[in-house]
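Below: the structure, in structure tokens.
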Amino acid sequence: MKIIEQFFTSAKGDKSEDLIVETPGFYGVFDGVTGVKADWSQDGRTMGQWGSFLAGEALKELPPNATLENFATLASKKIAEARKSFGLTAADRLATTALILPRRHPLEIWSIGDSHYGYRLKNGAWSGCVQNKYYDSITTDYRHLVITQEILDKGMPQTQEQRAALIKLGRSCINEALSKQMLWANHPDPAEKLGFGVLTGTPVPAHHMFTYRLPDDTAEVVLCSDGLPEPTETAIDAKAVLAELLKADPLLLGKNRLNFVGIKCFVQGDGTVAGCYDDVSYLRIAV
């Protein structure tokens with residue numbers, strides 16, 4: 001196996017909370033969860049950066065014959081130790097998703113969280129899998145409602161100051177929910193729709209860990225964070241999708257070809273417009 005190409009970008013410069021890791025036994029894409037405490041840092045890292053870094057360190061220590069359960073146990077232990085060392089509470093969002101491709105056959109993808117993957121068969125056929133969590137769909141829909149109503153009432157913002165005020169309104173309406181989101185992390189009841197899997201220092205239940213077996217005639221695999229609305233066949237395609245969304249719908253209110261509605265958008269908190277709406281990690285691998 002070898003990397004064909006990768007694409008990594010962030011509106012936050014070197015503060016991206018995504019991480020791509022390659023080891024002799026695995027490829028991994030980690031998407032650190034953005035903390036509600038925006039000014040928190042430890043040794044220069046945010047909570048999301050610590051989450052993805054520690055999960056990446058666990059992957060580096062994993063033997064080639066390890067299982068997803070082995071990885072989850074090791075990564076959770078590292079994050080739990082960091083939480084204790086940093087004096088964090090269970091509500092603090094030091095956490096990360098994980099999407100891993102073991103470098104072995106039969107081909108399979110390991111997933112904890114809501115990153116995306118796709119694969120191309122030897123005959124050229126492409127399949128993509130988008131993973132979302134129900135909790136995010138609720139907060140996204142409410143943000144969409146509040147912002148859409150504000151635009152209907154006052155019109156589309158025309159200045160940077162007006163855009164900043166609109167983004168602040170959209171964020172403030174869901175902040176209470178986001179501040180308590182970790183209550184549902186790794187929820188033990190498989191029937192609880194609000195529950196979701198994430199590496200946050202607590203045990204990850206089996207129903208929040210997924211292994212996807214890929215067809216034997218798979219030629220390429222794509223792993224990407226949810227900074228893309230869907231997995232794309234190439235990095236050029238990924239950049240094109242972001243450019244298309246930015247031009248058509250910078251507030252990500254579903255007024256785009258994909259009908260994609262975002263919990264974040266291209267317009268930043270200060271009213272400036274970035275080239276992406278979230279951190280992006282994209283990895284394309286020949287298998």
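Letters A, B, ... go to the chains of the structure tokens in the order shown; residues in each chain start at 1; ligands are counted from 1 in the same order.
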Selection: 6 Å around region 214-231 of chain A, only C-alpha atoms, excl. self and same-chain fewer than 6 positions, as a PyMOL selection string: chain A and resi 107-108+115-122+128+130+278-287
Picked from region 73-259 of chain A by DSSP as alpha helix (DSSP H), as a VMD selection string: chain A and resid 73 to 86 134 to 154 160 to 179 235 to 248
From the set A:Gly275, A:Gly28, A:Pro250, A:Gly13, which residue has the shortest atom-to-atom contact distance to Met156 (chain A), counting only C-alpha atoms? A:Pro250
Using only C-alpha atoms, the best pick from A:Ala125, A:Val267, A:Ile79, A:Val198 as closest to Lys168 (chain A) would be A:Val267
Each residue of region 168-233 of chain A lying at most 12 Å from region 59-71 of chain A should get a row with its shortest atom-to-atom pair and the distance in Å to one decimal, counting only C-alpha atoms; could you produce that, ordered by chain and increasing number, as a tab-separated table?
residue	atom	partner	partner_atom	distance
A:Leu199	CA	A:Phe71	CA	10.2
A:Pro203	CA	A:Glu69	CA	9.9
A:Val204	CA	A:Glu69	CA	8.6
A:Pro205	CA	A:Glu69	CA	9.5
A:Ala206	CA	A:Glu69	CA	8.2
A:His207	CA	A:Glu69	CA	11.5
A:His208	CA	A:Glu69	CA	10.9
A:Met209	CA	A:Leu68	CA	7.8
A:Phe210	CA	A:Leu68	CA	8.5
A:Thr211	CA	A:Leu68	CA	7.9
A:Tyr212	CA	A:Leu68	CA	11.2
Write the selection just made, keeping N, CA and C atoms, as a PDB file, in the first residue's frame?
ATOM      1  N   LEU A 199     -13.396   9.130  20.822  1.00  0.00           N
ATOM      2  CA  LEU A 199     -12.291   8.852  21.725  1.00  0.00           C
ATOM      3  C   LEU A 199     -12.146  10.035  22.668  1.00  0.00           C
ATOM      4  N   PRO A 203     -14.389   4.329  28.049  1.00  0.00           N
ATOM      5  CA  PRO A 203     -14.484   3.171  27.152  1.00  0.00           C
ATOM      6  C   PRO A 203     -15.476   3.408  26.014  1.00  0.00           C
ATOM      7  N   VAL A 204     -15.105   2.986  24.823  1.00  0.00           N
ATOM      8  CA  VAL A 204     -15.984   3.115  23.666  1.00  0.00           C
ATOM      9  C   VAL A 204     -16.779   1.817  23.529  1.00  0.00           C
ATOM     10  N   PRO A 205     -18.112   1.859  23.683  1.00  0.00           N
ATOM     11  CA  PRO A 205     -18.906   0.629  23.574  1.00  0.00           C
ATOM     12  C   PRO A 205     -18.805   0.023  22.174  1.00  0.00           C
ATOM     13  N   ALA A 206     -19.011  -1.264  22.098  1.00  0.00           N
ATOM     14  CA  ALA A 206     -18.908  -1.963  20.815  1.00  0.00           C
ATOM     15  C   ALA A 206     -19.850  -1.397  19.778  1.00  0.00           C
ATOM     16  N   HIS A 207     -21.049  -0.903  20.202  1.00  0.00           N
ATOM     17  CA  HIS A 207     -22.009  -0.408  19.222  1.00  0.00           C
ATOM     18  C   HIS A 207     -21.622   0.958  18.669  1.00  0.00           C
ATOM     19  N   HIS A 208     -20.532   1.547  19.173  1.00  0.00           N
ATOM     20  CA  HIS A 208     -20.034   2.804  18.618  1.00  0.00           C
ATOM     21  C   HIS A 208     -18.701   2.623  17.893  1.00  0.00           C
ATOM     22  N   MET A 209     -18.304   1.366  17.683  1.00  0.00           N
ATOM     23  CA  MET A 209     -17.106   1.061  16.903  1.00  0.00           C
ATOM     24  C   MET A 209     -17.531   0.271  15.671  1.00  0.00           C
ATOM     25  N   PHE A 210     -17.038   0.685  14.506  1.00  0.00           N
ATOM     26  CA  PHE A 210     -17.494   0.068  13.264  1.00  0.00           C
ATOM     27  C   PHE A 210     -16.312  -0.426  12.441  1.00  0.00           C
ATOM     28  N   THR A 211     -16.467  -1.630  11.901  1.00  0.00           N
ATOM     29  CA  THR A 211     -15.489  -2.197  10.977  1.00  0.00           C
ATOM     30  C   THR A 211     -16.195  -2.463   9.657  1.00  0.00           C
ATOM     31  N   TYR A 212     -15.673  -1.865   8.590  1.00  0.00           N
ATOM     32  CA  TYR A 212     -16.291  -2.002   7.275  1.00  0.00           C
ATOM     33  C   TYR A 212     -15.359  -2.833   6.383  1.00  0.00           C
TER      34      TYR A 212
END
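Excluding region 133-149 of chain A itself and same-chain residues fewer than 5 positions from it, the residues having an atom within 6 Å of it are Gly170, Leu194 and Ile263 of chain A, counting only C-alpha atoms.
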Residues from the last selection, N, CA and C atoms, saved as a compact mmCIF listing (two decimals), in the first residue's frame:
# COMPACT_ATOMS: atom_id res chain seq x y z
N GLY A 170 -25.83 32.57 15.26
CA GLY A 170 -25.98 31.15 14.95
C GLY A 170 -25.23 30.26 15.91
N LEU A 194 -29.28 9.79 20.56
CA LEU A 194 -28.40 10.93 20.81
C LEU A 194 -26.97 10.51 21.13
N ILE A 263 -22.97 22.83 10.38
CA ILE A 263 -22.99 23.39 11.74
C ILE A 263 -21.97 24.53 11.83
Please provide as an NGL selection string all residues within 12 Å of Ala240 (chain A), with the sequence filter that same-chain residues fewer than 5 positions apart are discarded (counting only C-alpha atoms). :A and (228-229 or 232-235 or 245-247 or 275-276)
To one decimal place, how far is CA of Ala75 (chain A) from CA of Gly262 (chain A) in Å?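 Going from CA of Ala75 (chain A) over to CA of Gly262 (chain A), I get 28.5 Å.
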Quick one, how far is CA of Lys2 (chain A) from CA of Pro106 (chain A)?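 Going from CA of Lys2 (chain A) over to CA of Pro106 (chain A), I get 16.2 Å.
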Give me every strand (DSSP E) residue in region 64-279 of chain A, going by DSSP on the backbone, as a ChimeraX atom specification. /A:96-102,108-112,116-121,126-129,210-213,218-224
Non-local contacts of Phe30 (chain A) (8 Å; only C-alpha atoms; under 3 positions in same chain excluded) as a list in words: Asp18, Leu19, Ile20, Ser52, Ala55, Gly56, Thr96, Thr97, Ala98, Leu99 and Ser225 of chain A
When you count only C-alpha atoms, which of these residues is closest to Val36 (chain A): A:Ala80, A:Ile112, A:Ile174, A:Ile4? A:Ile174
If I take CA of Phe26 (chain A) and CA of Gly51 (chain A), how far is one from the other in Å, to one decimal?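 For CA of Phe26 (chain A) relative to CA of Gly51 (chain A), the distance reads 18.2 Å.
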Do a neighbour search on Ala91 (chain A) at 8 Å with only C-alpha atoms, toss out local chain neighbours closer than 3 positions, and write the hits as a count of residues only. 5
